[in-house]
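**Q** Below you'll find query-v5.txt; it's compact mmCIF, C-alpha atoms.
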```
# COMPACT_ATOMS: atom_id res chain seq x y z
CA MET A 1 148.33 34.34 90.34
CA TYR A 2 147.31 32.61 87.15
CA SER A 3 149.26 32.24 83.94
CA HIS A 4 147.56 32.20 80.58
CA GLN A 5 148.87 31.21 77.19
CA ILE A 6 146.99 32.39 74.14
CA THR A 7 145.89 29.43 72.07
CA SER A 8 147.39 28.97 68.63
CA ASP A 9 144.38 27.01 67.35
CA PRO A 10 143.15 28.77 64.20
CA VAL A 11 139.45 29.51 64.02
CA SER A 12 139.26 27.76 60.66
CA THR A 13 140.04 24.35 62.18
CA PHE A 14 137.32 24.52 64.85
CA ARG A 15 134.82 21.72 64.23
CA ILE A 16 132.24 20.07 66.48
CA GLN A 17 130.12 17.11 65.39
CA LEU A 18 126.45 17.99 65.08
CA PHE A 19 125.37 14.61 66.44
CA ASP A 20 127.43 15.20 69.59
CA MET A 21 125.56 18.45 70.18
CA ILE A 22 122.19 16.84 69.51
CA CYS A 23 123.02 14.11 72.02
CA ALA A 24 124.09 16.73 74.55
CA LEU A 25 120.81 18.61 74.23
CA SER A 26 118.85 15.37 74.42
CA THR A 27 120.74 14.46 77.59
CA ALA A 28 120.02 17.90 79.01
CA LEU A 29 116.31 17.43 78.36
CA ASP A 30 116.54 14.12 80.22
CA LEU A 31 117.49 16.19 83.28
CA LEU A 32 114.30 18.22 82.98
CA ASP A 33 112.12 15.14 83.05
CA PRO A 34 113.64 11.65 82.62
CA ALA A 35 110.31 10.23 81.47
CA LEU A 36 109.96 12.90 78.81
CA GLY A 37 113.56 12.55 77.66
CA SER A 38 113.26 8.80 77.18
CA HIS A 39 109.96 9.32 75.38
CA GLN A 40 111.64 11.58 72.82
CA LYS A 41 114.45 9.12 72.16
CA ARG A 42 112.13 6.14 71.80
CA THR A 43 109.77 8.11 69.57
CA CYS A 44 112.76 9.04 67.43
CA LEU A 45 113.77 5.40 67.08
CA ILE A 46 110.23 4.32 66.18
CA ALA A 47 109.84 7.06 63.57
CA ALA A 48 113.29 6.41 62.14
CA GLN A 49 112.73 2.66 61.84
CA ILE A 50 109.38 3.12 60.10
CA ALA A 51 110.95 5.66 57.74
CA ARG A 52 113.85 3.32 56.96
CA SER A 53 111.44 0.47 56.23
CA MET A 54 109.72 2.72 53.69
CA ASN A 55 113.04 3.64 52.00
CA ILE A 56 112.35 7.37 52.16
CA ASP A 57 114.94 9.74 50.69
CA ASP A 58 117.91 10.95 52.73
CA ALA A 59 116.66 14.51 53.24
CA SER A 60 113.28 13.30 54.50
CA TYR A 61 114.97 10.81 56.80
CA GLN A 62 117.07 13.56 58.35
CA ASP A 63 113.92 15.64 58.84
CA VAL A 64 112.12 12.78 60.57
CA PHE A 65 115.05 11.97 62.83
CA GLY A 66 115.78 15.58 63.77
CA ALA A 67 112.15 16.51 64.40
CA ALA A 68 111.50 13.36 66.42
CA ILE A 69 114.48 13.74 68.76
CA PHE A 70 113.23 17.24 69.69
CA HIS A 71 109.49 16.90 69.10
CA ASP A 72 108.49 17.69 72.71
CA ILE A 73 111.10 20.37 73.37
CA GLY A 74 108.27 22.88 73.78
CA ALA A 75 107.23 21.11 76.97
CA ILE A 76 109.97 22.87 78.92
CA GLY A 77 107.67 25.86 79.32
CA LEU A 78 104.70 23.88 80.62
CA ALA A 79 104.04 22.67 84.14
CA ASP A 80 101.92 19.66 83.16
CA ARG A 81 104.47 17.94 80.94
CA LEU A 82 103.39 14.42 81.82
CA ALA A 83 99.93 15.02 80.32
CA MET A 84 101.57 14.62 76.92
CA LEU A 85 102.47 11.05 77.82
CA GLU A 86 98.81 10.03 78.00
CA PHE A 87 97.29 8.43 74.91
CA GLU A 88 94.13 10.55 75.01
CA GLU A 89 95.47 14.05 74.39
CA THR A 90 94.22 17.34 75.82
CA ASP A 91 95.47 20.62 74.31
CA ALA A 92 98.32 18.77 72.63
CA HIS A 93 99.03 21.57 70.17
CA THR A 94 100.33 24.12 72.69
CA HIS A 95 103.63 22.38 73.36
CA ALA A 96 103.94 21.63 69.64
CA ARG A 97 103.69 25.34 68.81
CA LEU A 98 106.16 26.18 71.59
CA GLY A 99 108.62 23.61 70.29
CA ALA A 100 108.34 24.93 66.75
CA MET A 101 109.04 28.45 68.04
CA LEU A 102 112.23 27.32 69.76
CA LEU A 103 113.47 25.25 66.83
CA SER A 104 112.82 28.08 64.37
CA ARG A 105 115.29 30.27 66.32
CA PHE A 106 118.25 28.07 65.30
CA PRO A 107 118.97 27.93 61.55
CA GLY A 108 120.29 24.39 61.84
CA PHE A 109 117.00 23.16 63.28
CA SER A 110 114.49 25.51 61.67
CA ARG A 111 113.72 22.89 59.01
CA TYR A 112 112.26 20.67 61.75
CA ALA A 113 109.89 23.35 63.08
CA PRO A 114 106.96 22.70 60.66
CA LEU A 115 107.01 18.97 61.47
CA VAL A 116 107.11 19.60 65.20
CA ARG A 117 104.35 22.22 65.02
CA CYS A 118 101.97 19.70 63.44
CA HIS A 119 103.01 16.50 65.19
CA HIS A 120 99.66 16.10 66.98
CA VAL A 121 97.44 16.73 63.95
CA HIS A 122 95.05 13.83 63.26
CA TRP A 123 94.85 12.44 59.73
CA ASP A 124 91.03 12.60 59.96
CA HIS A 125 90.46 10.80 56.65
CA GLY A 126 92.47 13.36 54.70
CA LYS A 127 91.44 16.53 56.50
CA GLY A 128 94.85 16.38 58.19
CA PHE A 129 96.41 17.86 55.07
CA PHE A 130 95.68 21.22 56.72
CA HIS A 131 95.72 22.57 60.26
CA GLU A 132 94.95 26.12 61.38
CA ASN A 133 94.84 27.26 57.73
CA GLN A 134 98.31 25.90 57.02
CA GLY A 135 99.52 22.88 55.12
CA VAL A 136 100.68 19.95 57.25
CA PRO A 137 103.92 18.17 56.24
CA MET A 138 103.20 14.52 55.54
CA LEU A 139 106.09 13.51 57.78
CA SER A 140 104.28 15.12 60.72
CA HIS A 141 101.78 12.27 60.51
CA LEU A 142 104.61 9.75 60.76
CA LEU A 143 105.92 11.62 63.79
CA TYR A 144 102.46 11.60 65.38
CA LEU A 145 102.09 7.87 64.84
CA ALA A 146 105.50 7.15 66.36
CA ASP A 147 104.68 9.39 69.32
CA ARG A 148 101.45 7.54 70.09
CA ILE A 149 103.03 4.10 69.61
CA GLU A 150 105.63 5.01 72.22
CA VAL A 151 102.95 6.22 74.64
CA LEU A 152 101.05 2.94 74.30
CA ALA A 153 104.26 0.94 74.78
CA GLN A 154 105.39 2.75 77.93
CA GLY A 155 105.75 0.76 81.12
CA LYS A 156 105.05 -2.63 79.58
CA ASP A 157 106.78 -5.38 81.53
CA ASN A 158 106.44 -7.83 78.64
CA ILE A 159 106.63 -5.72 75.52
CA LEU A 160 106.64 -8.69 73.14
CA GLY A 161 103.52 -10.05 74.80
CA GLU A 162 101.79 -6.67 74.67
CA ALA A 163 102.84 -5.81 71.10
CA PRO A 164 99.85 -7.42 69.31
CA GLU A 165 97.42 -5.38 71.41
CA ILE A 166 99.33 -2.17 70.64
CA VAL A 167 99.28 -2.95 66.92
CA ALA A 168 95.55 -3.70 67.03
CA GLN A 169 94.80 -0.44 68.82
CA ILE A 170 96.79 1.56 66.26
CA GLN A 171 95.13 -0.25 63.36
CA GLN A 172 91.67 0.56 64.74
CA LEU A 173 92.55 4.25 64.45
CA SER A 174 93.99 4.02 60.93
CA GLY A 175 92.38 6.68 58.78
CA SER A 176 90.93 8.59 61.72
CA LYS A 177 93.90 9.50 63.88
CA PHE A 178 96.71 8.04 61.81
CA HIS A 179 97.71 8.08 58.15
CA PRO A 180 96.96 4.60 56.69
CA VAL A 181 100.23 4.41 54.74
CA TYR A 182 102.29 4.83 57.90
CA VAL A 183 100.08 2.43 59.86
CA GLU A 184 100.62 -0.21 57.18
CA ALA A 185 104.40 0.24 57.32
CA PHE A 186 104.33 0.05 61.12
CA SER A 187 102.18 -3.10 61.08
CA LYS A 188 104.75 -4.90 58.94
CA LEU A 189 107.69 -3.67 61.00
CA ALA A 190 105.96 -4.62 64.26
CA GLN A 191 106.22 -8.30 63.32
CA GLN A 192 109.95 -8.11 64.08
CA GLU A 193 110.75 -8.77 67.72
CA SER A 194 113.87 -6.67 67.35
CA PHE A 195 111.76 -3.59 66.61
CA TRP A 196 110.17 -3.72 70.06
CA LEU A 197 113.27 -4.85 71.92
CA ASP A 198 115.34 -2.01 70.44
CA ILE A 199 112.84 0.56 71.71
CA PHE A 200 113.41 -0.50 75.32
CA SER A 201 117.06 -1.48 75.01
CA ASN A 202 119.51 -0.30 77.65
CA ASN A 203 121.69 0.72 74.70
CA LEU A 204 119.14 3.08 73.16
CA ASP A 205 121.69 5.88 72.67
CA ARG A 206 124.04 3.56 70.79
CA ILE A 207 121.22 2.29 68.59
CA LEU A 208 120.22 5.84 67.75
CA MET A 209 123.82 6.73 66.99
CA ASP A 210 124.07 3.80 64.58
CA ILE A 211 121.13 5.03 62.50
CA ALA A 212 121.54 8.79 62.91
CA PRO A 213 121.85 10.75 59.64
CA PHE A 214 124.33 13.27 61.07
CA ASP A 215 127.58 11.26 61.06
CA ASN A 216 129.51 13.52 58.70
CA ILE A 217 127.99 16.89 59.62
CA ASP A 218 130.23 19.27 61.56
CA LEU A 219 129.57 22.69 63.06
CA ASP A 220 132.07 25.47 62.46
CA LEU A 221 132.70 28.23 65.00
CA ASP A 222 129.81 30.47 63.93
CA GLN A 223 127.39 27.55 63.75
CA MET A 224 128.49 26.32 67.16
CA LEU A 225 127.92 29.77 68.62
CA GLN A 226 124.41 29.74 67.16
CA PHE A 227 123.84 26.30 68.67
CA ALA A 228 125.01 27.56 72.07
CA GLN A 229 122.57 30.47 71.78
CA PHE A 230 119.83 27.96 71.03
CA PHE A 231 120.79 26.03 74.17
CA ALA A 232 120.52 29.30 76.11
CA LEU A 233 116.98 29.88 74.85
CA VAL A 234 116.03 26.38 76.00
CA ILE A 235 117.66 26.90 79.41
CA ASP A 236 116.32 30.40 80.03
CA SER A 237 112.79 29.76 78.79
CA ARG A 238 111.87 27.96 82.02
CA SER A 239 111.57 31.09 84.17
CA HIS A 240 110.93 34.72 83.31
CA PHE A 241 113.15 35.71 86.27
CA THR A 242 116.18 34.24 84.50
CA ALA A 243 114.81 34.55 80.97
CA THR A 244 117.83 36.43 79.62
CA HIS A 245 120.51 35.46 82.13
CA SER A 246 122.66 33.32 79.84
CA ALA A 247 122.89 36.03 77.18
CA GLY A 248 124.04 38.53 79.80
CA VAL A 249 126.71 36.23 81.19
CA ALA A 250 127.90 35.32 77.68
CA ILE A 251 128.46 38.86 76.43
CA THR A 252 129.91 40.04 79.75
CA ALA A 253 132.42 37.18 79.80
CA GLU A 254 133.38 37.71 76.16
CA THR A 255 133.94 41.44 76.62
CA ILE A 256 136.08 40.98 79.74
CA ALA A 257 138.08 38.24 78.00
CA SER A 258 138.84 40.49 75.04
CA HIS A 259 140.23 43.18 77.36
CA LEU A 260 142.40 40.62 79.15
CA GLY A 261 144.15 39.51 75.98
CA MET A 262 142.40 36.26 75.17
CA SER A 263 142.45 35.31 71.48
CA ALA A 264 139.48 35.74 69.16
CA LEU A 265 138.82 31.99 69.30
CA GLU A 266 138.99 31.95 73.09
CA CYS A 267 136.70 34.96 73.34
CA THR A 268 134.11 33.19 71.22
CA LYS A 269 134.51 30.02 73.26
CA ILE A 270 134.01 31.85 76.54
CA ARG A 271 130.87 33.38 75.07
CA MET A 272 129.73 29.82 74.35
CA ALA A 273 130.51 28.93 77.96
CA GLY A 274 128.31 31.81 79.06
CA TYR A 275 125.42 30.55 76.98
CA LEU A 276 125.88 27.01 78.32
CA HIS A 277 126.89 27.56 81.95
CA ASP A 278 123.45 26.88 83.44
CA LEU A 279 122.66 23.84 81.30
CA GLY A 280 122.57 21.70 84.44
CA LYS A 281 119.78 23.86 85.85
CA LEU A 282 117.34 21.92 83.71
CA ALA A 283 117.53 19.37 86.54
CA ILE A 284 116.43 21.96 89.11
CA PRO A 285 112.66 22.36 89.68
CA SER A 286 111.46 25.68 88.29
CA GLU A 287 109.66 26.43 91.56
CA TYR A 288 113.08 26.71 93.22
CA ILE A 289 114.09 29.37 90.71
CA GLU A 290 110.84 31.31 91.06
CA ARG A 291 110.45 31.11 94.85
CA HIS A 292 110.17 34.43 96.66
CA GLY A 293 111.47 33.02 99.95
CA SER A 294 114.62 31.16 100.92
CA LEU A 295 115.39 27.61 99.86
CA THR A 296 115.75 24.90 102.49
CA PRO A 297 119.24 23.43 103.03
CA LYS A 298 118.23 20.30 101.10
CA GLU A 299 116.85 22.36 98.23
CA MET A 300 119.98 24.50 98.11
CA ALA A 301 122.09 21.35 98.03
CA ARG A 302 120.17 20.25 94.96
CA VAL A 303 120.72 23.63 93.29
CA ARG A 304 124.47 23.29 93.90
CA SER A 305 124.52 20.21 91.68
CA HIS A 306 123.73 22.15 88.52
CA SER A 307 127.24 23.25 87.57
CA TYR A 308 128.49 19.67 87.96
CA LEU A 309 125.71 18.50 85.66
CA THR A 310 126.73 21.16 83.14
CA LEU A 311 130.22 19.65 82.98
CA ASP A 312 128.82 16.12 82.88
CA ILE A 313 126.88 16.98 79.71
CA LEU A 314 129.43 19.16 77.94
CA SER A 315 132.49 17.01 78.68
CA ALA A 316 131.15 14.38 76.29
CA ILE A 317 131.58 16.77 73.35
CA LYS A 318 134.98 16.42 71.73
CA GLY A 319 136.49 19.84 71.07
CA LEU A 320 134.63 21.71 73.82
CA GLU A 321 136.81 20.66 76.75
CA ASP A 322 137.81 24.20 77.72
CA VAL A 323 134.27 25.50 77.22
CA ALA A 324 132.98 22.76 79.50
CA GLU A 325 135.53 23.58 82.20
CA TRP A 326 134.86 27.32 82.12
CA ALA A 327 131.10 26.81 82.17
CA ALA A 328 131.23 24.36 85.07
CA CYS A 329 133.40 26.63 87.24
CA HIS A 330 131.16 29.69 87.32
CA HIS A 331 130.40 29.11 91.01
CA GLU A 332 133.99 28.33 92.04
CA ARG A 333 135.76 30.86 94.27
CA ILE A 334 139.47 31.59 94.67
CA ASP A 335 139.38 30.85 98.41
CA GLY A 336 137.88 27.39 97.80
CA SER A 337 134.44 28.27 99.14
CA GLY A 338 132.71 27.76 95.79
CA TYR A 339 131.17 24.64 94.30
CA PRO A 340 131.04 21.93 93.08
CA TYR A 341 134.81 21.23 93.17
CA HIS A 342 135.99 23.76 95.80
CA ARG A 343 139.00 24.63 93.64
CA THR A 344 141.38 27.30 94.85
CA GLY A 345 143.89 29.78 93.46
CA ALA A 346 146.08 28.28 90.77
CA GLU A 347 143.53 25.51 90.11
CA LEU A 348 141.25 28.06 88.46
CA SER A 349 142.02 29.08 84.88
CA LEU A 350 141.57 32.60 83.57
CA GLY A 351 138.42 31.48 81.77
CA ALA A 352 136.96 30.08 84.98
CA ARG A 353 137.73 33.30 86.86
CA ILE A 354 136.12 35.40 84.14
CA MET A 355 133.01 33.22 84.17
CA ALA A 356 132.67 33.61 87.94
CA VAL A 357 132.79 37.40 87.72
CA ALA A 358 130.48 37.55 84.69
CA ASP A 359 127.90 35.35 86.41
CA VAL A 360 127.88 37.37 89.64
CA TYR A 361 127.79 40.69 87.78
CA THR A 362 124.90 39.65 85.53
CA ALA A 363 122.91 38.01 88.32
CA LEU A 364 123.10 41.08 90.54
CA THR A 365 121.83 43.36 87.77
CA GLU A 366 118.76 41.17 87.25
CA ASP A 367 115.48 41.09 89.13
CA ARG A 368 114.90 38.01 91.25
CA PRO A 369 111.74 36.88 93.07
CA TYR A 370 113.30 37.98 96.37
CA ARG A 371 114.97 41.29 95.31
CA ALA A 372 115.16 43.92 92.61
CA GLY A 373 118.14 44.16 90.28
CA MET A 374 120.99 46.45 91.36
CA ALA A 375 122.43 49.44 89.53
CA PRO A 376 125.88 48.83 87.95
CA LEU A 377 127.79 50.87 90.54
CA ALA A 378 126.11 48.99 93.38
CA VAL A 379 127.06 45.74 91.68
CA VAL A 380 130.67 46.90 91.43
CA ARG A 381 130.72 47.59 95.17
CA ASN A 382 129.56 44.03 95.77
CA LEU A 383 132.27 42.71 93.45
CA ASP A 384 134.91 44.73 95.31
CA GLU A 385 133.76 43.18 98.58
CA LEU A 386 134.06 39.69 97.08
CA VAL A 387 137.58 40.54 95.90
CA GLN A 388 138.51 41.71 99.40
CA GLN A 389 137.13 38.46 100.80
CA GLY A 390 139.39 36.50 98.44
CA LYS A 391 136.54 35.04 96.41
CA LEU A 392 136.83 36.75 93.01
CA ASP A 393 139.89 37.59 90.92
CA HIS A 394 140.97 41.21 91.39
CA ILE A 395 142.41 41.54 87.86
CA VAL A 396 139.20 40.32 86.25
CA VAL A 397 137.09 42.63 88.40
CA ALA A 398 139.45 45.52 87.62
CA ALA A 399 138.99 44.88 83.88
CA LEU A 400 135.23 44.93 84.31
CA LYS A 401 135.37 48.19 86.26
CA GLN A 402 137.71 49.82 83.74
CA HIS A 403 135.36 49.02 80.86
CA LEU A 404 132.08 49.16 82.78
CA PRO A 405 130.15 51.45 80.37
CA GLN A 406 130.99 49.21 77.40
CA ILE A 407 130.23 46.00 79.30
CA GLU A 408 126.97 47.32 80.71
CA ALA A 409 125.78 48.54 77.31
CA ALA A 410 126.66 45.19 75.73
CA ARG A 411 124.89 43.27 78.51
CA ILE A 412 121.72 45.33 78.22
CA HIS A 413 121.62 44.94 74.44
CA ALA A 414 122.23 41.17 74.57
CA GLN A 415 119.57 40.60 77.21
CA GLU A 416 117.04 42.78 75.42
CA GLN A 417 117.63 40.77 72.25
CA GLU A 418 117.17 37.44 74.01
CA GLY A 419 114.05 38.85 75.64
CA LEU A 420 112.63 39.58 72.22
CA ASP A 421 113.54 36.08 71.04
CA LEU A 422 111.70 34.54 73.99
CA ASN A 423 108.70 36.86 74.08
CA ASP A 424 106.53 34.89 71.65
CA PHE A 425 107.43 31.65 73.40
CA TRP A 426 106.56 32.99 76.84
CA GLN A 427 103.34 34.60 75.68
CA LEU A 428 102.07 31.31 74.27
CA ALA A 429 103.23 29.33 77.32
CA ILE A 430 101.68 31.73 79.83
CA GLN A 431 98.47 32.29 77.87
CA ALA A 432 97.93 28.54 77.87
CA VAL A 433 97.31 29.04 81.60
CA ASN A 434 96.15 32.67 81.74
CA PRO A 435 94.80 34.14 78.47
CA MET A 436 94.77 37.66 79.98
CA THR A 437 98.55 37.81 80.46
CA GLN A 438 100.32 40.90 79.07
CA PRO A 439 103.61 40.74 77.11
CA MET A 440 106.75 40.16 79.19
CA PHE A 441 109.12 42.16 77.03
CA GLU A 442 108.16 45.41 75.36
```
Give the structure from this file in structure tokens form.

**A**
Amino acid sequence: MYSHQITSDPVSTFRIQLFDMICALSTALDLLDPALGSHQKRTCLIAAQIARSMNIDDASYQDVFGAAIFHDIGAIGLADRLAMLEFEETDAHTHARLGAMLLSRFPGFSRYAPLVRCHHVHWDHGKGFFHENQGVPMLSHLLYLADRIEVLAQGKDNILGEAPEIVAQIQQLSGSKFHPVYVEAFSKLAQQESFWLDIFSNNLDRILMDIAPFDNIDLDLDQMLQFAQFFALVIDSRSHFTATHSAGVAITAETIASHLGMSALECTKIRMAGYLHDLGKLAIPSEYIERHGSLTPKEMARVRSHSYLTLDILSAIKGLEDVAEWAACHHERIDGSGYPYHRTGAELSLGARIMAVADVYTALTEDRPYRAGMAPLAVVRNLDELVQQGKLDHIVVAALKQHLPQIEAARIHAQEQEGLDLNDFWQLAIQAVNPMTQPMFE
């Protein structure tokens, strides 16, 4: 039996550093595609260094840095992500529009959306002031230049030896592809060996931290919850079979927690854990998630790594230690048969036990490639069986059963809302492949 002490931490003192969260999301995107993740970080450094050399104002610098670190976030919905890492672009605007859609969903990042949306627009001798009947932010042209510099610099064994050729190639395209003012600033900066060596430094994260404009910006509880919801959109946008899963787990866990006496702060934190619990799944190939048949033992072993990766990412964020633990334990079982830690009984906190029940409940209600979603009462019968087998906590399951109508209504509403949030994203992503596709969510 577990014991639980209600936290005395007041909601008003809850603070998480914005830069820590940005680093966590950047690390998570590294899981999706290491090449793409490194590309974003290096592009960010290039754009930031050019901006600093031009002495741009603080607000513009924050816009450049924030947009650059996430500029290819829209690629998570596309199969051919590596095509973006080729210098000659094909259909480069699709992922830019997808990225802008995602960023616009989070108030803290919505200011970056216009820059990201236009970060592949050519200057075209001044015609690049407009794109698709909309004005193009000037800083988008800086972002585009930095993006293409990084692509040219990739994989160079002797970057200092190759640098003059990269500079010459960029200069040849000044005025056509790239804004001349930014090319001139880059050409001056490129004379510094340190500029190139920093880009490919093994300490890239530290270098970015040193020049990041977010040092003194904290997130309060409401802002952190919004950030967690943004994470969920990123996680769930990879597959329409799990497109609203995180929202369902989050609200189910929060509702159960409230009925089991957890404090308001803890209830909000466990909702965060629900939004973040599958963060590590960004490392799992989407074809595993969408497969109609069974996974091989080796493939299943890879899937079982995702909750460990969730903890690996979240544990680096000071102030989210309990959220990280709850999120990472959603596949643990009381009898020790779960993963990745095989914890048993007293080793599992109340939050971890709630997360396990919320995840199973939500998953069973959802359609999967290999089965249809179950009705709530059928799900409850499955939960009862897992309790009898010693896998799930009987008190947590009893709380869910006692308040089933409320929990089910909350789950449906939350998942419908996330479905609406993702509909535009999915329509654009799918229509890039099949223009005849009908809307996913009505």

**Q** Could you give me, as a compact mmCIF listing (two decimals) with C-alpha atoms, in the frame of the given file, the residues that sit within 7 Å of (113.5, 20.4, 60.1) in the file's coordinates, counting only C-alpha atoms?

**A**
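As written to disk, out16.txt reads:
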```
# COMPACT_ATOMS: atom_id res chain seq x y z
CA ASP A 63 113.92 15.64 58.84
CA GLY A 66 115.78 15.58 63.77
CA ALA A 67 112.15 16.51 64.40
CA PHE A 109 117.00 23.16 63.28
CA SER A 110 114.49 25.51 61.67
CA ARG A 111 113.72 22.89 59.01
CA TYR A 112 112.26 20.67 61.75
CA ALA A 113 109.89 23.35 63.08
CA PRO A 114 106.96 22.70 60.66
CA LEU A 115 107.01 18.97 61.47
```

**Q** Could you name the residues that touch Ala316 in chain A at 10 Å or less, counting all atoms listed in the file, but leaving out those on the same chain fewer than 6 positions away, as a list in words?

**A** Asp20, Met21, Cys23, Ala24 and Ala324 of chain A

**Q** Using only C-alpha atoms for the distances, tell me which of A:Ala47, A:Ile317, A:Ile149, A:Ala363 is nearest to His330 in chain A.

**A**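 When distances to His330 in chain A are compared using only C-alpha atoms, the smallest one comes from A:Ala363.
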
**Q** Work out how far apart CA of Ser307 in chain A and CA of Ala328 in chain A are and give it in Å to one decimal.

**A**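 If I compute the distance from CA of Ser307 in chain A to CA of Ala328 in chain A, I get 4.8 Å.
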
**Q** What would the list of residues within 9 Å of (133.7, 31.4, 82.5) (file frame) look like as a PyMOL selection string, if only C-alpha atoms are what count?

**A** chain A and resi 249-250+253-254+270-271+273-274+277+323+325-330+349-359

**Q** Smallest atom-to-atom distance to Asp30 in chain A: which of A:Val397, A:Leu276, A:Ala283, A:Leu364, using all atoms listed in the file?

**A**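 The closest residue to Asp30 in chain A is A:Ala283.
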
**Q** When distances are computed from only C-alpha atoms, which of A:Ile22, A:Leu160, A:Leu320, A:Leu145 shows the smallest separation from Ile46 in chain A?

**A**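 Among A:Ile22, A:Leu160, A:Leu320, A:Leu145, it is A:Leu145 that comes nearest to Ile46 in chain A.
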
**Q** Show which residues sit within 12 Å of His122 in chain A, as a list of chain:residue names. Count only C-alpha atoms, and ignore same-chain residues fewer than 6 positions away.

**A**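 Those residues are A:Glu89, A:Ala92, A:His93, A:Gly128, A:Phe129, A:Phe130, A:His131, A:Val136, A:Met138, A:Ser140, A:His141, A:Leu142, A:Leu143, A:Tyr144, A:Leu145, A:Arg148, A:Leu173, A:Ser174, A:Gly175, A:Ser176, A:Lys177, A:Phe178, A:His179, A:Pro180.
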
**Q** Put those residues in a file: C-alpha atoms, as a PDB file, in the coordinates of the input.

**A**
```pdb
ATOM      1  CA  GLU A  89      95.470  14.050  74.390  1.00  0.00           C
ATOM      2  CA  ALA A  92      98.320  18.770  72.630  1.00  0.00           C
ATOM      3  CA  HIS A  93      99.030  21.570  70.170  1.00  0.00           C
ATOM      4  CA  GLY A 128      94.850  16.380  58.190  1.00  0.00           C
ATOM      5  CA  PHE A 129      96.410  17.860  55.070  1.00  0.00           C
ATOM      6  CA  PHE A 130      95.680  21.220  56.720  1.00  0.00           C
ATOM      7  CA  HIS A 131      95.720  22.570  60.260  1.00  0.00           C
ATOM      8  CA  VAL A 136     100.680  19.950  57.250  1.00  0.00           C
ATOM      9  CA  MET A 138     103.200  14.520  55.540  1.00  0.00           C
ATOM     10  CA  SER A 140     104.280  15.120  60.720  1.00  0.00           C
ATOM     11  CA  HIS A 141     101.780  12.270  60.510  1.00  0.00           C
ATOM     12  CA  LEU A 142     104.610   9.750  60.760  1.00  0.00           C
ATOM     13  CA  LEU A 143     105.920  11.620  63.790  1.00  0.00           C
ATOM     14  CA  TYR A 144     102.460  11.600  65.380  1.00  0.00           C
ATOM     15  CA  LEU A 145     102.090   7.870  64.840  1.00  0.00           C
ATOM     16  CA  ARG A 148     101.450   7.540  70.090  1.00  0.00           C
ATOM     17  CA  LEU A 173      92.550   4.250  64.450  1.00  0.00           C
ATOM     18  CA  SER A 174      93.990   4.020  60.930  1.00  0.00           C
ATOM     19  CA  GLY A 175      92.380   6.680  58.780  1.00  0.00           C
ATOM     20  CA  SER A 176      90.930   8.590  61.720  1.00  0.00           C
ATOM     21  CA  LYS A 177      93.900   9.500  63.880  1.00  0.00           C
ATOM     22  CA  PHE A 178      96.710   8.040  61.810  1.00  0.00           C
ATOM     23  CA  HIS A 179      97.710   8.080  58.150  1.00  0.00           C
ATOM     24  CA  PRO A 180      96.960   4.600  56.690  1.00  0.00           C
TER      25      PRO A 180
END
```

**Q** I need the residue nearest Glu408 in chain A from this list: A:Ser104, A:Ser237, A:Thr362, A:Asn55. Use only C-alpha atoms for the distance.

**A** A:Thr362

**Q** Between CA of Leu98 in chain A and CA of Ala75 in chain A, what is the distance in Å, rounded to a tenth?

**A**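 Answer for the CA of Leu98 in chain A to CA of Ala75 in chain A separation: 7.5 Å.
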
**Q** Which residues are near range 338-342 of chain A? Cut-off 8 Å, all atoms listed in the file, ignore same chain within fewer than 3 positions. Put them as a ChimeraX atom specification.

**A** /A:304-305,307-308,329,331-335
